[in-house]
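Dropping start_39.cif in here (mmCIF, C-alpha atoms):
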```cif
data_coords
#
loop_
_atom_site.label_atom_id
_atom_site.label_comp_id
_atom_site.auth_asym_id
_atom_site.auth_seq_id
_atom_site.Cartn_x
_atom_site.Cartn_y
_atom_site.Cartn_z
CA MET A 1 -31.69 1.40 4.11
CA ASP A 2 -31.13 -1.37 1.66
CA PRO A 3 -32.29 -4.76 3.02
CA TYR A 4 -30.13 -6.68 0.53
CA PHE A 5 -27.03 -4.87 1.78
CA ILE A 6 -27.99 -5.24 5.46
CA VAL A 7 -28.48 -9.02 5.13
CA PHE A 8 -25.08 -9.62 3.54
CA PHE A 9 -23.38 -7.05 5.79
CA ILE A 10 -24.49 -9.03 8.83
CA MET A 11 -23.66 -12.34 7.14
CA ALA A 12 -20.11 -11.26 6.24
CA LEU A 13 -19.44 -9.65 9.61
CA GLY A 14 -20.83 -12.56 11.64
CA ALA A 15 -18.91 -15.12 9.59
CA ALA A 16 -15.68 -13.09 9.94
CA ILE A 17 -16.05 -12.90 13.72
CA PHE A 18 -16.82 -16.62 13.82
CA MET A 19 -13.74 -17.22 11.67
CA ILE A 20 -11.29 -15.61 14.08
CA THR A 21 -12.89 -17.10 17.20
CA ALA A 22 -13.42 -20.68 15.99
CA LYS A 23 -11.49 -23.30 17.88
CA ASP A 24 -10.27 -25.43 14.99
CA ALA A 25 -9.06 -24.55 11.52
CA LEU A 26 -11.86 -26.31 9.60
CA PRO A 27 -14.81 -24.37 11.10
CA SER A 28 -12.70 -21.28 10.56
CA ALA A 29 -12.34 -22.17 6.88
CA LEU A 30 -16.12 -22.59 6.61
CA GLY A 31 -16.56 -19.15 8.16
CA LEU A 32 -14.18 -17.77 5.55
CA LEU A 33 -16.25 -19.51 2.84
CA THR A 34 -19.36 -17.75 4.15
CA VAL A 35 -17.55 -14.40 3.98
CA PHE A 36 -16.57 -15.10 0.37
CA ILE A 37 -20.16 -15.96 -0.60
CA ALA A 38 -21.55 -12.88 1.13
CA LEU A 39 -19.00 -10.66 -0.60
CA SER A 40 -19.79 -12.18 -4.00
CA ALA A 41 -23.46 -11.37 -3.38
CA LEU A 42 -22.46 -7.78 -2.61
CA TYR A 43 -20.41 -7.64 -5.83
CA LEU A 44 -23.54 -8.54 -7.78
CA HIS A 45 -25.21 -5.60 -6.13
CA LEU A 46 -22.29 -3.35 -7.09
CA SER A 47 -22.73 -4.04 -10.82
CA ALA A 48 -19.69 -6.34 -10.91
CA PRO A 49 -21.10 -9.72 -12.03
CA LEU A 50 -17.79 -10.92 -13.45
CA VAL A 51 -15.96 -10.19 -10.19
CA ALA A 52 -18.70 -12.08 -8.34
CA ILE A 53 -18.09 -15.12 -10.57
CA PHE A 54 -14.32 -14.83 -9.98
CA GLN A 55 -14.94 -14.55 -6.26
CA VAL A 56 -16.87 -17.82 -6.19
CA SER A 57 -14.68 -19.77 -8.64
CA ILE A 58 -11.23 -18.55 -7.55
CA TYR A 59 -11.65 -17.83 -3.86
CA ALA A 60 -14.46 -20.13 -2.74
CA GLY A 61 -13.40 -22.72 -5.30
CA ALA A 62 -9.64 -22.90 -5.78
CA ILE A 63 -8.07 -21.09 -2.82
CA LEU A 64 -10.39 -22.42 -0.14
CA VAL A 65 -10.13 -26.00 -1.43
CA LEU A 66 -6.34 -25.65 -1.29
CA ILE A 67 -6.55 -24.39 2.29
CA VAL A 68 -8.91 -27.22 3.30
CA PHE A 69 -6.54 -29.75 1.73
CA VAL A 70 -3.64 -28.36 3.74
CA ILE A 71 -5.78 -28.41 6.90
CA MET A 72 -6.43 -32.10 6.19
CA LEU A 73 -2.70 -32.72 5.71
CA LEU A 74 -1.40 -30.75 8.67
CA THR A 75 -3.91 -31.17 11.45
CA VAL A 76 -2.62 -33.55 14.08
CA PRO A 77 -5.60 -34.72 16.16
CA SER A 78 -3.57 -35.06 19.34
CA GLU A 79 -2.03 -31.62 19.04
CA ARG A 80 -3.65 -29.16 21.41
CA PHE A 81 -2.43 -25.65 21.92
CA GLN A 82 -4.06 -22.53 23.18
CA LEU A 83 -6.38 -20.69 20.83
CA PHE A 84 -4.80 -17.29 21.26
CA GLN A 85 -1.30 -16.07 21.92
CA ARG A 86 -0.26 -16.91 25.44
CA ASN A 87 1.64 -13.68 25.79
CA MET A 88 -0.78 -11.10 27.16
CA SER A 89 0.98 -8.21 25.47
CA TYR A 90 0.45 -9.89 22.08
CA ARG A 91 -3.28 -10.10 22.63
CA ILE A 92 -3.59 -6.53 23.89
CA MET A 93 -1.37 -5.14 21.14
CA GLY A 94 -3.23 -7.19 18.54
CA ALA A 95 -6.62 -5.95 19.67
CA VAL A 96 -5.43 -2.35 19.96
CA LEU A 97 -3.73 -2.35 16.56
CA GLY A 98 -6.72 -3.97 14.88
CA ALA A 99 -9.11 -1.48 16.44
CA LEU A 100 -6.85 1.43 15.47
CA MET A 101 -6.64 0.16 11.91
CA THR A 102 -10.41 -0.12 11.69
CA ALA A 103 -10.85 3.35 13.15
CA LEU A 104 -8.29 4.81 10.77
CA LEU A 105 -10.05 3.29 7.78
CA ALA A 106 -13.48 4.31 9.00
CA ILE A 107 -12.33 7.91 9.49
CA GLY A 108 -12.00 7.91 5.71
CA LEU A 109 -15.81 7.89 5.65
CA LYS A 110 -15.73 11.60 6.26
CA GLY A 111 -13.98 12.51 3.04
CA VAL A 112 -16.08 10.19 0.92
CA LYS A 113 -18.68 12.75 -0.09
CA ASP A 114 -16.20 14.61 -2.26
CA ILE A 115 -14.92 11.49 -3.99
CA ILE A 116 -18.21 10.43 -5.58
CA TYR A 117 -18.55 12.73 -8.51
CA LYS A 118 -20.58 10.52 -10.77
CA ARG A 119 -23.48 8.64 -9.27
CA GLU A 120 -25.07 7.74 -12.59
CA ILE A 121 -24.01 4.29 -13.81
CA PRO A 122 -23.53 4.26 -17.57
CA GLU A 123 -25.24 1.66 -19.73
CA GLY A 124 -23.52 -1.72 -19.73
CA PHE A 125 -21.24 -0.90 -16.79
CA GLY A 126 -19.60 -4.03 -15.38
CA HIS A 127 -20.42 -6.07 -18.46
CA PRO A 128 -17.74 -8.71 -19.23
CA HIS A 129 -17.27 -7.10 -22.64
CA LEU A 130 -16.24 -3.79 -21.07
CA PHE A 131 -14.14 -5.63 -18.48
CA GLY A 132 -12.20 -7.52 -21.13
CA ASP A 133 -11.78 -4.36 -23.14
CA PHE A 134 -10.18 -2.64 -20.16
CA LEU A 135 -8.08 -5.64 -19.18
CA PHE A 136 -6.57 -6.34 -22.57
CA ARG A 137 -6.17 -2.77 -23.77
CA ASP A 138 -5.29 -0.54 -20.82
CA TYR A 139 -3.86 -3.22 -18.52
CA LEU A 140 -2.21 -5.64 -20.93
CA LEU A 141 1.27 -5.22 -19.43
CA HIS A 142 -0.09 -5.72 -15.90
CA PHE A 143 -1.85 -8.85 -17.11
CA GLU A 144 1.38 -10.27 -18.51
CA VAL A 145 3.27 -9.41 -15.32
CA ALA A 146 0.58 -11.21 -13.30
CA SER A 147 1.03 -14.31 -15.46
CA VAL A 148 4.79 -14.24 -14.82
CA LEU A 149 4.10 -13.86 -11.10
CA LEU A 150 1.85 -16.94 -11.17
CA LEU A 151 4.52 -18.91 -13.02
CA VAL A 152 7.14 -17.93 -10.42
CA ALA A 153 4.76 -18.89 -7.61
CA LEU A 154 4.08 -22.25 -9.30
CA ILE A 155 7.79 -23.06 -9.60
CA GLY A 156 8.46 -21.86 -6.06
CA ALA A 157 5.64 -23.95 -4.61
CA ILE A 158 6.84 -27.08 -6.42
CA TYR A 159 10.40 -26.51 -5.24
CA LEU A 160 9.38 -25.85 -1.64
CA SER A 161 7.13 -28.86 -1.30
CA LYS A 162 9.64 -31.24 -2.85
CA LYS A 163 11.23 -33.63 -0.40
CA LYS A 164 14.92 -32.95 0.02
CA ALA A 165 17.03 -35.97 -0.85
CA MET B 1 -26.91 12.58 -4.98
CA GLY B 2 -29.38 13.10 -2.18
CA ASP B 3 -28.90 12.78 1.50
CA PHE B 4 -25.83 11.00 2.73
CA THR B 5 -26.93 8.75 5.57
CA MET B 6 -25.28 5.91 7.40
CA PHE B 7 -25.65 2.43 5.88
CA ASN B 8 -26.51 3.99 2.60
CA GLY B 9 -24.46 3.86 -0.53
CA LEU B 10 -20.69 3.93 -0.35
CA THR B 11 -20.48 4.61 3.39
CA GLY B 12 -21.91 1.22 4.29
CA TYR B 13 -19.49 -0.57 1.99
CA ILE B 14 -16.50 1.32 3.39
CA LEU B 15 -17.67 0.49 6.91
CA LEU B 16 -18.00 -3.21 6.07
CA ALA B 17 -14.60 -3.31 4.35
CA SER B 18 -12.92 -1.51 7.29
CA LEU B 19 -14.50 -3.86 9.80
CA LEU B 20 -13.51 -6.95 7.80
CA PHE B 21 -9.95 -5.63 7.48
CA GLY B 22 -9.80 -4.88 11.21
CA ILE B 23 -11.18 -8.32 12.12
CA GLY B 24 -8.58 -9.90 9.85
CA ALA B 25 -5.80 -7.85 11.46
CA ILE B 26 -6.95 -8.71 14.98
CA GLY B 27 -7.17 -12.39 14.06
CA PHE B 28 -3.74 -12.35 12.46
CA LEU B 29 -2.14 -10.73 15.51
CA THR B 30 -3.82 -12.83 18.18
CA ARG B 31 -4.36 -16.35 16.86
CA ARG B 32 -1.80 -19.14 17.15
CA ASN B 33 -2.85 -21.60 14.45
CA THR B 34 -0.82 -20.81 11.33
CA LEU B 35 -3.63 -21.96 9.02
CA ILE B 36 -5.99 -19.47 10.63
CA LEU B 37 -3.37 -16.74 10.21
CA PHE B 38 -3.42 -17.56 6.50
CA MET B 39 -7.16 -17.26 6.35
CA CYS B 40 -6.97 -13.91 8.13
CA VAL B 41 -4.67 -12.62 5.38
CA GLU B 42 -7.23 -13.79 2.82
CA LEU B 43 -9.93 -11.95 4.74
CA MET B 44 -7.92 -8.72 4.65
CA LEU B 45 -7.36 -9.10 0.89
CA ASN B 46 -11.10 -9.58 0.46
CA ALA B 47 -11.82 -6.43 2.42
CA VAL B 48 -9.57 -4.52 0.02
CA ASN B 49 -11.36 -6.12 -2.95
CA LEU B 50 -14.72 -5.03 -1.59
CA MET B 51 -13.44 -1.47 -1.20
CA LEU B 52 -12.14 -1.45 -4.79
CA VAL B 53 -15.38 -2.78 -6.24
CA ALA B 54 -17.46 -0.35 -4.17
CA PHE B 55 -15.42 2.64 -5.35
CA SER B 56 -15.52 1.30 -8.90
CA HIS B 57 -19.32 1.25 -8.74
CA PHE B 58 -19.79 4.64 -7.13
CA ARG B 59 -17.30 6.39 -9.39
CA ALA B 60 -18.49 4.50 -12.47
CA ASP B 61 -14.92 3.52 -13.29
CA MET B 62 -14.07 -0.01 -14.47
CA ALA B 63 -10.41 0.21 -13.38
CA GLY B 64 -11.31 -0.86 -9.82
CA GLN B 65 -12.82 -4.11 -11.03
CA VAL B 66 -9.80 -4.86 -13.21
CA MET B 67 -7.51 -4.22 -10.23
CA VAL B 68 -9.44 -6.86 -8.28
CA LEU B 69 -8.37 -9.41 -10.87
CA PHE B 70 -4.70 -8.62 -10.18
CA ILE B 71 -5.33 -8.95 -6.45
CA TYR B 72 -6.76 -12.40 -7.18
CA ALA B 73 -3.55 -13.32 -9.03
CA VAL B 74 -1.40 -12.09 -6.14
CA ALA B 75 -3.59 -13.89 -3.60
CA ALA B 76 -3.35 -17.14 -5.55
CA ALA B 77 0.45 -16.83 -5.74
CA GLU B 78 0.63 -15.99 -2.04
CA VAL B 79 -1.50 -18.98 -1.03
CA ALA B 80 0.44 -21.41 -3.24
CA VAL B 81 3.86 -20.34 -1.94
CA GLY B 82 2.67 -19.80 1.64
CA LEU B 83 1.06 -23.19 1.98
CA ALA B 84 4.15 -24.84 0.47
CA ILE B 85 6.30 -23.04 3.07
CA LEU B 86 3.85 -24.14 5.75
CA ILE B 87 4.07 -27.78 4.67
CA ALA B 88 7.88 -27.58 4.70
CA LEU B 89 7.75 -26.02 8.17
CA PHE B 90 5.37 -28.71 9.39
CA ARG B 91 7.74 -31.41 8.17
CA HIS B 92 10.52 -29.69 10.05
CA VAL B 93 8.80 -28.78 13.34
CA GLY B 94 5.77 -31.11 13.40
CA SER B 95 3.30 -28.47 14.49
CA VAL B 96 1.17 -25.62 13.14
CA ASP B 97 1.53 -23.55 16.29
CA VAL B 98 3.23 -20.25 15.37
CA THR B 99 4.97 -20.00 18.73
CA ARG B 100 6.89 -23.18 17.90
CA PHE B 101 8.50 -21.59 14.86
CA ASP B 102 11.15 -19.74 16.84
CA ALA B 103 14.45 -20.87 15.29
CA LEU B 104 15.19 -17.38 13.96
CA ARG B 105 13.89 -15.54 17.01
CA TRP B 106 16.21 -12.97 18.70
#
```
Please lay out the structure from this file as structure tokens.
Amino acid sequence: MDPYFIVFFIMALGAAIFMITAKDALPSALGLLTVFIALSALYLHLSAPLVAIFQVSIYAGAILVLIVFVIMLLTVPSERFQLFQRNMSYRIMGAVLGALMTALLAIGLKGVKDIIYKREIPEGFGHPHLFGDFLFRDYLLHFEVASVLLLVALIGAIYLSKKKA
Amino acid sequence: MGDFTMFNGLTGYILLASLLFGIGAIGFLTRRNTLILFMCVELMLNAVNLMLVAFSHFRADMAGQVMVLFIYAVAAAEVAVGLAILIALFRHVGSVDVTRFDALRW
């Protein structure tokens, strides 16, 4: 039992449940922010300090601010609709599919014992130096493709949000 | 390696990631507010990230952490384009209720 893990496990799970049950979009976004922070704390525990920094700066910083801006733009105070899908079959199917998905993933717990072959963490594992070495040597092409993807997304977003004449 | 108990080591992380992914899936399939559907997709992506980082730690392999960076790039692209589509839809329909976006239904 690791108290650090238990604390952030409960924090992430509680915030996620709050997120999907919250009435309005803004409290939901704050629940998502709490999940991001809890996960970044867990990344620190998993010897991934650089990923933890990315988690806070990209997710909690950039993406969540973008979502909150759009909530501000799109929320009409007078608009009131039901929280969940009105159609009963949607709700039942949603709950059943979500539960099945969770069960399917958790069944993978059984085979995990064989996958861990190296428990010893080498010296300097997760250090930004090693991370950059991997990223720019073994994954350079992937990195370039990701930059092209971001460029395409940028152009697409500008085109989509432009007012048609 | 020692004893393999619940809430210890990799098992706990896989459990948390599975639960977060399942919660995200349930939220995506049952909620009606499009913005919350977006956030549920982000939650599912984060569950996958947690799984990658956990496996990266327990296998002592940096590739998992590098893969998380690419997921961040894809998530950023998805949010930028998705929110732009959502704003265009809102201009067109005047609502963020998913059940109102039914022009292409049937």
Given the point (5.1, -21.1, -8.4) in the coordinates of this file, which residues lie within 12 Å, counting all atoms listed in the file, and how would they look as a PDB file with C-alpha atoms, in the frame of the given file?
```
ATOM      1  CA  ALA A 146       0.580 -11.210 -13.300  1.00  0.00           C
ATOM      2  CA  SER A 147       1.030 -14.310 -15.460  1.00  0.00           C
ATOM      3  CA  VAL A 148       4.790 -14.240 -14.820  1.00  0.00           C
ATOM      4  CA  LEU A 149       4.100 -13.860 -11.100  1.00  0.00           C
ATOM      5  CA  LEU A 150       1.850 -16.940 -11.170  1.00  0.00           C
ATOM      6  CA  LEU A 151       4.520 -18.910 -13.020  1.00  0.00           C
ATOM      7  CA  VAL A 152       7.140 -17.930 -10.420  1.00  0.00           C
ATOM      8  CA  ALA A 153       4.760 -18.890  -7.610  1.00  0.00           C
ATOM      9  CA  LEU A 154       4.080 -22.250  -9.300  1.00  0.00           C
ATOM     10  CA  ILE A 155       7.790 -23.060  -9.600  1.00  0.00           C
ATOM     11  CA  GLY A 156       8.460 -21.860  -6.060  1.00  0.00           C
ATOM     12  CA  ALA A 157       5.640 -23.950  -4.610  1.00  0.00           C
ATOM     13  CA  ILE A 158       6.840 -27.080  -6.420  1.00  0.00           C
ATOM     14  CA  TYR A 159      10.400 -26.510  -5.240  1.00  0.00           C
ATOM     15  CA  LEU A 160       9.380 -25.850  -1.640  1.00  0.00           C
ATOM     16  CA  SER A 161       7.130 -28.860  -1.300  1.00  0.00           C
TER      17      SER A 161
ATOM     18  CA  ALA B  73      -3.550 -13.320  -9.030  1.00  0.00           C
ATOM     19  CA  VAL B  74      -1.400 -12.090  -6.140  1.00  0.00           C
ATOM     20  CA  ALA B  76      -3.350 -17.140  -5.550  1.00  0.00           C
ATOM     21  CA  ALA B  77       0.450 -16.830  -5.740  1.00  0.00           C
ATOM     22  CA  GLU B  78       0.630 -15.990  -2.040  1.00  0.00           C
ATOM     23  CA  VAL B  79      -1.500 -18.980  -1.030  1.00  0.00           C
ATOM     24  CA  ALA B  80       0.440 -21.410  -3.240  1.00  0.00           C
ATOM     25  CA  VAL B  81       3.860 -20.340  -1.940  1.00  0.00           C
ATOM     26  CA  GLY B  82       2.670 -19.800   1.640  1.00  0.00           C
ATOM     27  CA  LEU B  83       1.060 -23.190   1.980  1.00  0.00           C
ATOM     28  CA  ALA B  84       4.150 -24.840   0.470  1.00  0.00           C
ATOM     29  CA  ILE B  85       6.300 -23.040   3.070  1.00  0.00           C
TER      30      ILE B  85
END
```
- Query: How far is it from atom CA of B:Met51 to atom CA of A:Leu44, in Å with one decimal?
  - Reply: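 Distance between the two atoms: 14.0 Å.
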Listed atoms of stretch 56-74 of chain A boxed along x, y and z, 6 Å each side, centre and edge lengths in Å, one decimal, as lines of an AutoDock Vina configuration file:
```
center_x = -9.1
center_y = -25.3
center_z = 0.0
size_x = 27.5
size_y = 26.9
size_z = 29.3
```
- If we count only C-alpha atoms, what is near stretch 88-105 of chain A at a cut-off of 6 Å, once residues fewer than 4 positions away on the same chain are taken out, given as a VMD selection string? chain B and resid 18 to 19 22 25 to 26 29 to 30
- Residue nearest chain B among A:Ala52, A:Ile10, A:Val76, A:Phe84 (counting all atoms listed in the file): A:Phe84
- Skipping near chain neighbours, those fewer than 5 positions away, what residues fall within 10 Å of B:Asp61 using only C-alpha atoms, listed as a list in words? Lys118, Ile121, Pro122, Phe125 and Gly126 of chain A; Val53, Phe55, Ser56 and Val66 of chain B
- note - atom CA of B:Leu10 and atom CA of B:Glu42 are separated by 22.5 Å
- atom CA of B:Leu45 and atom CA of A:Gly31 are how many Å apart?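 Distance between the two atoms: 15.4 Å.
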- Query: Restricting the calculation to all atoms listed in the file, which member of B:Asn49, B:Ala88, B:Ala103, B:Val93 is positioned closest to chain A?
  - Reply: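 Among the listed residues, the smallest separation from chain A belongs to B:Ala88.
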